[in-house]
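Asker: I have a structure I would like to understand better, so I am pasting it below and will then ask my questions one at a time.
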Amino acid sequence: MSVRSSTLLARKSLRARLGRTIAIAATVVVGVSFVVGSFVLADSLRATFDNLFAEVNEGIDLEIRSAVAFGDGANRDPVPLAVADTVRGVDGVDAVVPLVQGVAQIITPDGDLVSTGGAPTIGTSWAGDDSIGGLVLRDGSFPAGADQVAIDKATADRESIGVGERVEVITEIGRRTYTVSGLVGLGNTDGFAGASLALFDLDTALAVFDRGDRVDVIDVTVVDGADVATVQGRIEAVLPDGLEVITGEQVAEETADAVGGFIDVFGTGLLIFAFITAFVSAFIINNVFAITIGQRLRELALLRAVGASARQVRRMIVVEAVVMSIIATAIGIVGGIAVARLIVALFNAAGLGFPDSGTVLAPRTIIIAAIVGIGITVVSVLVPARRAGRIPPVAALRPELGFAAINTRRLVGAAIVTVLGAISFAIGLFVRPGGSWGLALFAGGGALLLFLGTASMSAAVAKPVTSALGWPIAKLFGTPGALARQNAGRAPRRTAASAAALMIGVALVSAAAVFAASLRDTFVRTLDRAVTADYVISDSSFQGLAPSVAETLRELPELSAVSPFRAIPVEIDGDTTTIGAVDGASIEQLLNLRLIEGSVDGLVDGGLLVNEDRADELGVGVGDRIEFMLANGDVNTLDVGGIYAESAVAGNLLMSIDTLESINNQPPRDFFLVARLADGVDARLADQAVRAAVADLPQVEVQTNAEFRRQQEDQINQLLIVITALLLFAITIAIVGISITLALSVFERTREIGLLRAVGMNRRQLRRTVRWEAVIVSVFGALVGIVLGTLIGIALATAVPDNIIDSVSFSPGITVFIVIAAVIAGLFAALYPSFKASKMSVLEAIATE
Amino acid sequence: MRMDPSTPASAATPGDAPGEAAVAASTTATVTTAAGTIDAHKLYGHDESLVRALDGVTVGFERGRFSAIMGPSGSGKSTLLHCLAGLDTLSSGAVYIGETYLANLSDKELTELRRTKVGFIFQAFNLIPTLSANENIMLPMMLGGESGDADWIAQVIDAVGLGDRLTHRPSELSGGQQQRVAVARALASKPQIIFADEPTGNLDSRAGTEILEFMQRAVAELHQTIVMVTHDPIAASYADRVVFLADGRVVDDLADPTPEVIFDRMRNLGD
Ligand SMILES: Nc1ncnc2c1ncn2[C@@H]1O[C@H](COP(=O)(O)OP(=O)(O)OP(=O)(O)O)[C@@H](O)[C@H]1O
Ligand SMILES: [Mg+2]
């Protein structure tokens, strides 16, 4: 048959059902938008950082740095400044620029910390040459001398800081006042992707970051006309052991990759939600096609009766879907760009400093959008199209063709899918074949099957459950309530299918809620059990603390013990792990390590403490020795001085800070501190004293144990809120889906509605009938979702190692909230269909065949 | 001419409009008008495509009688019935049910009127598929949140003669049984008048006869008022009176008709 006549029929039929077509298309648009948005956002961020690092490393031909034996280079030893002089003598070398970088927190004229919303606050040394590093002077001059600083123009503008003003900057040596010598930008931008920058001359930088005569790296440019590779070889020849020289391009690449990895994680997270949204959309598209084709059976049968072949009918429906989905996908791509911008705006509103990036729409994104948008639609329409093709022409003569009933074969199939999904999900979580890929494949695929199976199986319980849910509604709202209850149960497959979309969203929220509750409870228990300190002191921007903070606190008589926490990456028997470092003398007062063997004195004596499980793995006991390699390749051997049981805070291996400093060359920085009040001090006065001691360092966050706990709990709650917010797209689509399905049902029941109106049902009662049906359907979806989600949550919480989650907890409050939200969602979903129903003219309704 | 919505008697129109006394006397066998139209016009479309579905119909239907409306296809029978039942509105003229003019009623009041004062029986699809036969009969009362007149309902249900099938869904009943349930529903709320648009049109002659006899009994024994549109002279012969419509006008009016006479009149109308 000619494609042309299929196309013609499809076009006519699309136009005839404009409202429904728009509804389906809208679902595709939202699904595609979110997928595209995730890609656009990740790509744009990556492009921003790629540009940033290309600029930062501009003009650099070669870089000298310490080599690492393993790891990603985050733990490089510093380079002696003297190397710079050696390199200066090498033939072909033009400029030699030693660089130091650290954390520099600028204080605004109001006395607050400059806020970067999570982006780093960078302090760095000025190369002394503006052809290197892409820094451009926007105003004033580059810093020169111990009391000068230049800052980035974006920060200066935001905080109204001008050239010549005095600002305070907190560095390794504490809070000092400097004169702003100038404002700088990067290339043609004023900012550094949200980070703040404080620029010092080299000597000042060495001093404020407490580096003595060692720098991070040394950048080199070659003289005009010299071959970079040749010069690289010459430098290599004169470098001391442990140093390497690489090209500027490689540096740019490595930095971009490091940040790229983070963006990938972020992008993948968004993508997961995007696919959830697309998956939910698929459900609705599928359902709507099934219903509309069901409603058109008579028309399709008529087509068959007048001579259309089964293939023509099938093709007509598929062509219809393809045309619609192509248009919807195109709109969705545009919408995706808007979504990306929206997410940036949302995150920024939440206080995360997202760089305001350009928009990157990669060809890959468009291809995936097409696969998602067109693919989902076509797959969704295949089954109904086949069903339509099978309609016998005589069906045109039959008065009624209902929704296919639930049959046992279908149920058994659904049950098998569900069980397979559960098994795959469990394998993914607990066996994890093939690492994180296996986890994603098995657990993700399993979850998909679980949802599909459950959605299909829930049709079997739809009738009794909606009937039970409707009982109080029928009791409370009389005849409209009773009719709503019966309508919800009259097409169980349709009810289940339209509830399924909501079920998925609710299941994911419920799973996250169980996970979060378990995480929170475990954390609280761990804190109670493992920490005996009274205070936790940390940096509010998670950049760590200068060791001077610990020194300051140690001097307080109100505190009997203060210990920093640090960690270094090491390799033991070829496996990379970390060793924590604490203050050996006071750790016993601060942590409850639950020592099994040996004593904490092992730490003070320059030994190691080992967690019992790790000790078993390594086959060591007290008195044995452990050999490990540092990132710089140094190999050390330490005695095992004790075995402890409590690894929740301490980790698996512990050494003392003194030991760490004796073997490690990197500039010290404390992750956080714990401290304990001295016996007999007045807690309130002591609290004031502790806070007063660090009052001039606003980045230092002093929290009592209780405050710390609350903050961590808040963070877990916030995580839950973010997850829910991301699922909101899917949930919104689900609500729209219920609305569409119901509108279609109302349309289908035109005749019945006319009858009800004719025998005296008023518009309010009619609206009420539709409204409560929507509520019953959405609460039904929510209940199935809560049950499934809770089971998934239990599985997740169980799969996580015990030191993160040791037992499963629930949050009944969230469950109640979900049910209430489902009622509200139902009310929203009912707005359009109930309006439609009440606007139906009685006469037209009863005239409808 | 402004009409008082509640008292047709105040309208300056002749004879047919019932007086208040007539309503008071409605429990007696006195013949008064249950519903009617005065110079009813109903127009569809514009200009060339203008259709006069009703073209000056003045007719009244007596209380306690079984009336039939006949006429060729397109003569305006359904239109008249819909306007009488408050399902549709006239282009001009007046409709009253009992002592109430419909023109001045709001949608809400019309709904209320349909629920309490009017019964309606369609050709098909009369029942809500999710409700049992019994619930369908009770539907108007349930919608009003009333329980209705229990004795009367028992009487009606008894007359339907469905027995234990009353708890069944419509899909489990035959077409004739469904129509009987529809008649029972129309009767159950004790309306002032019942309108039926070809109630037997979808039934075979035996089932049709059952319905017609049932309606006849409802009028004779339960003192109901029924107005029925039909094409079938035999069906019409069950009525006490037949009104003939053609091109939107009343063209004839027969009392106590026989099928032969009706058939004869119909043939004359045709040309
Ligand atoms: N909604 C409408 N729009 C336009 N014209 C209409 C409409 N409804 C009815 N008509 C016209 O009004 C006239 C009367 O229609 P009506 O349905 O009352 O006829 P009827 O006597 O019931 O016919 P039948 O015996 O075929 O049911 C017809 O000419 C019809 O075409
Ligand atoms: Mg008609």
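Chain lettering (A, B, ...) mirrors the order of the structure tokens, residue numbering begins at 1 for each chain separately, and ligand numbering begins at 1 in order of display.
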Residues of chain B no more than 8 Å from chain A, counting only C-alpha atoms: send them over as a ChimeraX atom specification.
Answerer: /B:82,87-88,108,111-116,119-120,125-128,130-131,139-140,142-143,145
Asker: Those same residues, written as a CSV table (one decimal), in the first residue's frame with N, CA, C and O atoms?
Answerer:
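Okay, result37.csv is ready:
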chain,number,residue,atom,x,y,z
B,82,HIS,N,-37.2,17.3,24.0
B,82,HIS,CA,-36.0,17.8,24.7
B,82,HIS,C,-36.4,19.2,25.4
B,82,HIS,O,-36.0,19.5,26.5
B,87,LEU,N,-34.1,19.9,28.7
B,87,LEU,CA,-32.8,19.5,28.2
B,87,LEU,C,-32.3,20.5,27.2
B,87,LEU,O,-31.1,20.6,26.9
B,88,ASP,N,-33.2,21.2,26.6
B,88,ASP,CA,-32.9,22.1,25.5
B,88,ASP,C,-33.7,23.4,25.7
B,88,ASP,O,-34.7,23.3,26.4
B,108,LYS,N,-28.9,25.3,37.4
B,108,LYS,CA,-29.0,24.6,38.6
B,108,LYS,C,-30.5,24.2,38.9
B,108,LYS,O,-30.8,23.1,39.2
B,111,THR,N,-31.6,21.5,36.5
B,111,THR,CA,-31.1,20.2,37.0
B,111,THR,C,-32.0,19.7,38.1
B,111,THR,O,-32.4,18.5,38.0
B,112,GLU,N,-32.3,20.5,39.0
B,112,GLU,CA,-33.2,20.2,40.1
B,112,GLU,C,-34.6,19.7,39.6
B,112,GLU,O,-35.2,18.7,40.1
B,113,LEU,N,-35.1,20.5,38.6
B,113,LEU,CA,-36.4,20.2,38.0
B,113,LEU,C,-36.3,18.8,37.4
B,113,LEU,O,-37.2,18.0,37.5
B,114,ARG,N,-35.3,18.5,36.6
B,114,ARG,CA,-35.2,17.2,35.9
B,114,ARG,C,-35.1,16.1,37.0
B,114,ARG,O,-35.7,15.0,36.8
B,115,ARG,N,-34.5,16.4,38.1
B,115,ARG,CA,-34.3,15.3,39.1
B,115,ARG,C,-35.6,15.0,39.8
B,115,ARG,O,-35.9,13.9,40.1
B,116,THR,N,-36.4,16.1,40.0
B,116,THR,CA,-37.6,15.9,40.9
B,116,THR,C,-38.9,15.9,40.2
B,116,THR,O,-39.8,15.2,40.6
B,119,GLY,N,-39.2,12.8,34.4
B,119,GLY,CA,-38.5,11.5,34.2
B,119,GLY,C,-38.3,11.4,32.7
B,119,GLY,O,-39.0,12.0,31.9
B,120,PHE,N,-37.2,10.8,32.3
B,120,PHE,CA,-36.8,10.7,30.9
B,120,PHE,C,-36.4,9.3,30.5
B,120,PHE,O,-35.6,8.7,31.3
B,125,PHE,N,-29.2,3.0,25.9
B,125,PHE,CA,-28.2,3.6,26.9
B,125,PHE,C,-28.8,4.4,28.0
B,125,PHE,O,-28.4,5.5,28.2
B,126,ASN,N,-29.8,3.8,28.6
B,126,ASN,CA,-30.5,4.6,29.6
B,126,ASN,C,-29.9,4.4,31.0
B,126,ASN,O,-30.2,5.1,31.9
B,127,LEU,N,-29.0,3.4,31.1
B,127,LEU,CA,-28.6,3.0,32.5
B,127,LEU,C,-27.1,3.3,32.6
B,127,LEU,O,-26.3,3.2,31.7
B,128,ILE,N,-26.7,3.6,33.9
B,128,ILE,CA,-25.3,3.7,34.2
B,128,ILE,C,-24.7,2.3,34.4
B,128,ILE,O,-25.1,1.6,35.2
B,130,THR,N,-22.1,1.1,35.6
B,130,THR,CA,-21.4,0.6,36.9
B,130,THR,C,-22.4,0.4,38.0
B,130,THR,O,-22.1,-0.1,39.1
B,131,LEU,N,-23.7,0.8,37.8
B,131,LEU,CA,-24.7,0.7,38.9
B,131,LEU,C,-25.6,-0.5,38.6
B,131,LEU,O,-25.9,-0.8,37.5
B,139,LEU,N,-31.2,6.2,41.4
B,139,LEU,CA,-30.2,7.2,41.1
B,139,LEU,C,-30.7,8.7,41.3
B,139,LEU,O,-30.1,9.4,42.0
B,140,PRO,N,-31.9,9.1,40.8
B,140,PRO,CA,-32.3,10.4,41.0
B,140,PRO,C,-32.4,10.8,42.5
B,140,PRO,O,-32.0,11.9,42.9
B,142,MET,N,-30.9,9.3,44.9
B,142,MET,CA,-29.5,9.2,45.5
B,142,MET,C,-28.8,10.6,45.2
B,142,MET,O,-28.1,11.1,46.1
B,143,LEU,N,-29.0,11.0,44.0
B,143,LEU,CA,-28.3,12.3,43.7
B,143,LEU,C,-28.8,13.5,44.5
B,143,LEU,O,-28.1,14.4,44.8
B,145,GLY,N,-29.8,13.1,47.5
B,145,GLY,CA,-29.6,12.7,48.9
B,145,GLY,C,-30.9,12.4,49.6
B,145,GLY,O,-31.0,12.6,50.8
Asker: Show me which residues line ligand 1, defined as having an atom within 7 Å of a ligand atom where only C-alpha atoms and all ligand atoms count, and present them as a PDB file with N, CA and C atoms, in the first residue's frame.
Answerer:
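Below you can see selection-v8.pdb, which holds the result:
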ATOM      1  N   TYR B  44     -32.512  26.236  13.973  1.00  0.00           N
ATOM      2  CA  TYR B  44     -31.099  25.817  13.894  1.00  0.00           C
ATOM      3  C   TYR B  44     -30.481  26.483  12.687  1.00  0.00           C
ATOM      4  N   GLY B  45     -29.208  26.860  12.775  1.00  0.00           N
ATOM      5  CA  GLY B  45     -28.485  27.392  11.627  1.00  0.00           C
ATOM      6  C   GLY B  45     -28.915  28.805  11.260  1.00  0.00           C
ATOM      7  N   VAL B  51     -33.036  25.936   9.770  1.00  0.00           N
ATOM      8  CA  VAL B  51     -34.008  24.856   9.938  1.00  0.00           C
ATOM      9  C   VAL B  51     -34.988  25.257  11.035  1.00  0.00           C
ATOM     10  N   ARG B  52     -36.267  25.180  10.731  1.00  0.00           N
ATOM     11  CA  ARG B  52     -37.271  25.445  11.771  1.00  0.00           C
ATOM     12  C   ARG B  52     -37.703  24.107  12.344  1.00  0.00           C
ATOM     13  N   ALA B  53     -36.985  23.657  13.364  1.00  0.00           N
ATOM     14  CA  ALA B  53     -37.289  22.355  13.959  1.00  0.00           C
ATOM     15  C   ALA B  53     -38.651  22.405  14.654  1.00  0.00           C
ATOM     16  N   GLY B  71     -44.891  11.585  13.866  1.00  0.00           N
ATOM     17  CA  GLY B  71     -44.573  12.473  12.750  1.00  0.00           C
ATOM     18  C   GLY B  71     -43.425  11.907  11.957  1.00  0.00           C
ATOM     19  N   PRO B  72     -43.244  12.412  10.741  1.00  0.00           N
ATOM     20  CA  PRO B  72     -42.149  11.901   9.922  1.00  0.00           C
ATOM     21  C   PRO B  72     -40.785  12.237  10.535  1.00  0.00           C
ATOM     22  N   SER B  73     -39.801  11.550  10.052  1.00  0.00           N
ATOM     23  CA  SER B  73     -38.452  11.818  10.538  1.00  0.00           C
ATOM     24  C   SER B  73     -38.082  13.279  10.256  1.00  0.00           C
ATOM     25  N   GLY B  74     -37.522  13.925  11.241  1.00  0.00           N
ATOM     26  CA  GLY B  74     -37.115  15.322  11.063  1.00  0.00           C
ATOM     27  C   GLY B  74     -38.238  16.306  11.316  1.00  0.00           C
ATOM     28  N   SER B  75     -39.367  15.831  11.808  1.00  0.00           N
ATOM     29  CA  SER B  75     -40.498  16.733  12.002  1.00  0.00           C
ATOM     30  C   SER B  75     -40.396  17.530  13.298  1.00  0.00           C
ATOM     31  N   GLY B  76     -39.431  17.187  14.148  1.00  0.00           N
ATOM     32  CA  GLY B  76     -39.226  17.983  15.364  1.00  0.00           C
ATOM     33  C   GLY B  76     -39.698  17.306  16.635  1.00  0.00           C
ATOM     34  N   LYS B  77     -39.966  16.008  16.574  1.00  0.00           N
ATOM     35  CA  LYS B  77     -40.481  15.294  17.755  1.00  0.00           C
ATOM     36  C   LYS B  77     -39.479  15.321  18.906  1.00  0.00           C
ATOM     37  N   SER B  78     -38.251  14.906  18.585  1.00  0.00           N
ATOM     38  CA  SER B  78     -37.236  14.867  19.639  1.00  0.00           C
ATOM     39  C   SER B  78     -36.968  16.263  20.180  1.00  0.00           C
ATOM     40  N   THR B  79     -36.924  17.214  19.260  1.00  0.00           N
ATOM     41  CA  THR B  79     -36.675  18.587  19.675  1.00  0.00           C
ATOM     42  C   THR B  79     -37.739  19.049  20.667  1.00  0.00           C
ATOM     43  N   LEU B  80     -38.986  18.760  20.353  1.00  0.00           N
ATOM     44  CA  LEU B  80     -40.083  19.154  21.236  1.00  0.00           C
ATOM     45  C   LEU B  80     -39.921  18.508  22.614  1.00  0.00           C
ATOM     46  N   HIS B 231     -42.449   6.085  16.257  1.00  0.00           N
ATOM     47  CA  HIS B 231     -42.693   5.975  14.821  1.00  0.00           C
ATOM     48  C   HIS B 231     -43.752   4.937  14.539  1.00  0.00           C
TER      49      HIS B 231
END
Asker: Pick out each residue of segment 84-230 of chain B that DSSP on the backbone tags as helix (DSSP H, G or I); I need them as a PyMOL selection string.
Answerer: chain B and resi 84+107-116+133-143+150-160+163-167+170-172+175-188+205-220
Asker: As a PDB file with all heavy atoms, in the first residue's frame, please: every residue in segment 112-208 of chain B that a backbone DSSP assignment puts in strand (DSSP E).
Answerer:
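What follows is the written file selection02.pdb:
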ATOM      1  N   VAL B 118     -39.319  15.617  36.538  1.00  0.00           N
ATOM      2  CA  VAL B 118     -39.354  15.049  35.195  1.00  0.00           C
ATOM      3  C   VAL B 118     -38.666  13.692  35.186  1.00  0.00           C
ATOM      4  O   VAL B 118     -37.656  13.503  35.843  1.00  0.00           O
ATOM      5  CB  VAL B 118     -38.627  15.997  34.199  1.00  0.00           C
ATOM      6  CG1 VAL B 118     -38.567  15.382  32.816  1.00  0.00           C
ATOM      7  CG2 VAL B 118     -39.311  17.341  34.147  1.00  0.00           C
ATOM      8  N   GLY B 119     -39.238  12.773  34.417  1.00  0.00           N
ATOM      9  CA  GLY B 119     -38.545  11.521  34.160  1.00  0.00           C
ATOM     10  C   GLY B 119     -38.254  11.442  32.679  1.00  0.00           C
ATOM     11  O   GLY B 119     -38.980  12.030  31.871  1.00  0.00           O
ATOM     12  N   PHE B 120     -37.153  10.769  32.315  1.00  0.00           N
ATOM     13  CA  PHE B 120     -36.809  10.711  30.905  1.00  0.00           C
ATOM     14  C   PHE B 120     -36.362   9.303  30.539  1.00  0.00           C
ATOM     15  O   PHE B 120     -35.605   8.680  31.254  1.00  0.00           O
ATOM     16  CB  PHE B 120     -35.678  11.709  30.608  1.00  0.00           C
ATOM     17  CG  PHE B 120     -35.800  12.302  29.230  1.00  0.00           C
ATOM     18  CD1 PHE B 120     -36.235  13.600  29.055  1.00  0.00           C
ATOM     19  CD2 PHE B 120     -35.494  11.535  28.118  1.00  0.00           C
ATOM     20  CE1 PHE B 120     -36.367  14.134  27.779  1.00  0.00           C
ATOM     21  CE2 PHE B 120     -35.626  12.071  26.853  1.00  0.00           C
ATOM     22  CZ  PHE B 120     -36.067  13.371  26.661  1.00  0.00           C
ATOM     23  N   ILE B 121     -36.883   8.827  29.401  1.00  0.00           N
ATOM     24  CA  ILE B 121     -36.472   7.509  28.916  1.00  0.00           C
ATOM     25  C   ILE B 121     -35.989   7.663  27.479  1.00  0.00           C
ATOM     26  O   ILE B 121     -36.697   8.216  26.644  1.00  0.00           O
ATOM     27  CB  ILE B 121     -37.652   6.509  28.945  1.00  0.00           C
ATOM     28  CG1 ILE B 121     -38.237   6.441  30.362  1.00  0.00           C
ATOM     29  CG2 ILE B 121     -37.196   5.132  28.489  1.00  0.00           C
ATOM     30  CD1 ILE B 121     -39.660   5.933  30.376  1.00  0.00           C
ATOM     31  N   ILE B 193     -44.187  14.448  35.275  1.00  0.00           N
ATOM     32  CA  ILE B 193     -44.381  13.972  33.903  1.00  0.00           C
ATOM     33  C   ILE B 193     -43.155  13.176  33.457  1.00  0.00           C
ATOM     34  O   ILE B 193     -42.032  13.436  33.898  1.00  0.00           O
ATOM     35  CB  ILE B 193     -44.635  15.169  32.955  1.00  0.00           C
ATOM     36  CG1 ILE B 193     -45.057  14.673  31.566  1.00  0.00           C
ATOM     37  CG2 ILE B 193     -43.422  16.075  32.865  1.00  0.00           C
ATOM     38  CD1 ILE B 193     -45.716  15.755  30.727  1.00  0.00           C
ATOM     39  N   ILE B 194     -43.398  12.188  32.599  1.00  0.00           N
ATOM     40  CA  ILE B 194     -42.305  11.376  32.071  1.00  0.00           C
ATOM     41  C   ILE B 194     -42.273  11.527  30.556  1.00  0.00           C
ATOM     42  O   ILE B 194     -43.321  11.447  29.899  1.00  0.00           O
ATOM     43  CB  ILE B 194     -42.502   9.885  32.433  1.00  0.00           C
ATOM     44  CG1 ILE B 194     -42.379   9.710  33.948  1.00  0.00           C
ATOM     45  CG2 ILE B 194     -41.498   9.008  31.705  1.00  0.00           C
ATOM     46  CD1 ILE B 194     -42.815   8.347  34.429  1.00  0.00           C
ATOM     47  N   PHE B 195     -41.088  11.770  30.018  1.00  0.00           N
ATOM     48  CA  PHE B 195     -40.925  11.853  28.576  1.00  0.00           C
ATOM     49  C   PHE B 195     -40.134  10.647  28.088  1.00  0.00           C
ATOM     50  O   PHE B 195     -39.138  10.268  28.703  1.00  0.00           O
ATOM     51  CB  PHE B 195     -40.176  13.126  28.191  1.00  0.00           C
ATOM     52  CG  PHE B 195     -40.906  14.376  28.584  1.00  0.00           C
ATOM     53  CD1 PHE B 195     -40.512  15.122  29.686  1.00  0.00           C
ATOM     54  CD2 PHE B 195     -42.011  14.798  27.852  1.00  0.00           C
ATOM     55  CE1 PHE B 195     -41.191  16.263  30.049  1.00  0.00           C
ATOM     56  CE2 PHE B 195     -42.701  15.950  28.220  1.00  0.00           C
ATOM     57  CZ  PHE B 195     -42.296  16.688  29.326  1.00  0.00           C
ATOM     58  N   ALA B 196     -40.594  10.062  26.991  1.00  0.00           N
ATOM     59  CA  ALA B 196     -39.901   8.897  26.449  1.00  0.00           C
ATOM     60  C   ALA B 196     -39.712   9.103  24.955  1.00  0.00           C
ATOM     61  O   ALA B 196     -40.678   9.386  24.241  1.00  0.00           O
ATOM     62  CB  ALA B 196     -40.703   7.633  26.726  1.00  0.00           C
ATOM     63  N   ASP B 197     -38.456   9.028  24.497  1.00  0.00           N
ATOM     64  CA  ASP B 197     -38.165   9.212  23.074  1.00  0.00           C
ATOM     65  C   ASP B 197     -37.909   7.853  22.436  1.00  0.00           C
ATOM     66  O   ASP B 197     -36.849   7.277  22.619  1.00  0.00           O
ATOM     67  CB  ASP B 197     -36.951  10.141  22.915  1.00  0.00           C
ATOM     68  CG  ASP B 197     -36.835  10.659  21.487  1.00  0.00           C
ATOM     69  OD1 ASP B 197     -37.539  10.130  20.607  1.00  0.00           O
ATOM     70  OD2 ASP B 197     -36.050  11.598  21.269  1.00  0.00           O
TER      71      ASP B 197
END
Asker: Tell me, in Å to one decimal, how far atom CA of Gly242 of chain A is from atom CA of Asn57 of chain A.
Answerer: 22.7 Å
Asker: Between B:Met138, B:Leu90, B:Ile69, B:Leu43, which one has atoms that come closest to ligand 2, using only C-alpha atoms and all ligand atoms?
Answerer: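 Nearest candidate to ligand 2 out of B:Met138, B:Leu90, B:Ile69, B:Leu43: B:Ile69.
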Asker: Find the residues around Arg206 of chain B up to 12 Å (only C-alpha atoms counted), leave out those fewer than 3 positions away in its own chain, and share them as a list in words.
Answerer: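 Within the cut-off, the hits are Gly175, Gly176, Gln177, Thr200, Asn202, Leu203, Thr209, Glu210, Ile211, Leu212, Glu213 and Ala235 of chain B.
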Asker: My list of candidates is A:Val322, A:Val238, A:Leu673, A:Leu783. Which is closest to Glu551 of chain A when distances are computed with only C-alpha atoms?
Answerer: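 The answer is A:Leu673, which sits nearest to Glu551 of chain A.
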Asker: Quick one: everything within 8 Å of Arg65 of chain B, counting only C-alpha atoms, minus sequence neighbours fewer than 6 positions away in the same chain. Send it as number ranges by chain.
Answerer: B: 219-220, 223-226, 239-240
Asker: Keeping only all heavy atoms, write the selected residues as a CSV table (one decimal), in the first residue's frame.
Answerer:
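New file part05.csv:
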chain,number,residue,atom,x,y,z
B,219,VAL,N,-49.7,4.5,33.9
B,219,VAL,CA,-50.6,5.7,33.8
B,219,VAL,C,-52.0,5.3,34.4
B,219,VAL,O,-52.5,6.0,35.2
B,219,VAL,CB,-50.8,6.0,32.3
B,219,VAL,CG1,-51.9,7.1,32.1
B,219,VAL,CG2,-49.5,6.6,31.7
B,220,ALA,N,-52.5,4.1,34.1
B,220,ALA,CA,-53.8,3.7,34.5
B,220,ALA,C,-53.8,3.4,36.0
B,220,ALA,O,-54.7,3.9,36.7
B,220,ALA,CB,-54.3,2.5,33.7
B,223,HIS,N,-51.3,6.3,38.1
B,223,HIS,CA,-51.8,7.7,37.9
B,223,HIS,C,-50.6,8.6,37.4
B,223,HIS,O,-50.4,9.7,37.9
B,223,HIS,CB,-52.4,8.3,39.1
B,223,HIS,CG,-53.5,7.4,39.7
B,223,HIS,ND1,-54.7,7.1,39.0
B,223,HIS,CD2,-53.5,6.7,40.8
B,223,HIS,CE1,-55.4,6.3,39.7
B,223,HIS,NE2,-54.7,6.0,40.8
B,224,GLN,N,-49.7,8.1,36.6
B,224,GLN,CA,-48.6,8.8,36.1
B,224,GLN,C,-49.0,9.5,34.8
B,224,GLN,O,-50.0,9.2,34.1
B,224,GLN,CB,-47.4,7.9,35.9
B,224,GLN,CG,-46.8,7.4,37.2
B,224,GLN,CD,-46.4,8.5,38.1
B,224,GLN,OE1,-45.4,9.2,37.7
B,224,GLN,NE2,-47.1,8.7,39.2
B,225,THR,N,-48.1,10.4,34.4
B,225,THR,CA,-48.3,11.2,33.1
B,225,THR,C,-47.1,10.8,32.2
B,225,THR,O,-46.0,11.0,32.6
B,225,THR,CB,-48.3,12.7,33.3
B,225,THR,OG1,-49.3,12.9,34.4
B,225,THR,CG2,-48.7,13.4,32.1
B,226,ILE,N,-47.4,10.3,31.0
B,226,ILE,CA,-46.3,10.0,30.1
B,226,ILE,C,-46.5,10.6,28.7
B,226,ILE,O,-47.6,10.6,28.2
B,226,ILE,CB,-46.2,8.4,30.0
B,226,ILE,CG1,-45.9,7.8,31.3
B,226,ILE,CG2,-45.1,8.1,28.9
B,226,ILE,CD1,-45.7,6.3,31.3
B,239,ALA,N,-51.4,4.6,23.5
B,239,ALA,CA,-51.6,5.9,24.2
B,239,ALA,C,-53.1,6.3,24.2
B,239,ALA,O,-53.9,5.7,23.4
B,239,ALA,CB,-50.8,7.0,23.5
B,240,ASP,N,-53.4,7.3,25.0
B,240,ASP,CA,-54.8,7.8,25.1
B,240,ASP,C,-55.0,8.8,24.0
B,240,ASP,O,-56.1,9.2,23.7
B,240,ASP,CB,-55.1,8.5,26.4
B,240,ASP,CG,-54.8,7.5,27.6
B,240,ASP,OD1,-55.1,6.3,27.4
B,240,ASP,OD2,-54.2,7.9,28.6
Asker: So how many Å separate atom CA of Tyr238 of chain B and atom CA of Ala218 of chain B, to one decimal?
Answerer: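 The value is 12.1 Å.
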Asker: Could you tell me how far atom CA of Phe442 of chain A lies from atom CA of Val280 of chain A, in Å and to one decimal?
Answerer: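 Atom CA of Val280 of chain A lies at a distance of 19.5 Å from atom CA of Phe442 of chain A.
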Asker: Just checking: using only C-alpha atoms, which residue out of B:Asp247, B:Glu135, B:Asp151, B:Glu99 ends up closest to Gly56 of chain B?
Answerer: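 Under the stated criterion, the closest residue is B:Asp247.
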Asker: Leaving out Ala195 of chain A and any residue of its chain fewer than 3 positions from it, which residues lie within 7 Å of it when counting only C-alpha atoms, given as number ranges by chain?
Answerer: A: 116, 119-122, 192
Asker: Within 9 Å of Ala362 of chain A, counting only C-alpha atoms, which residues qualify if same-chain residues fewer than 5 places away don't, as number ranges by chain?
Answerer: A: 39-40, 43, 367
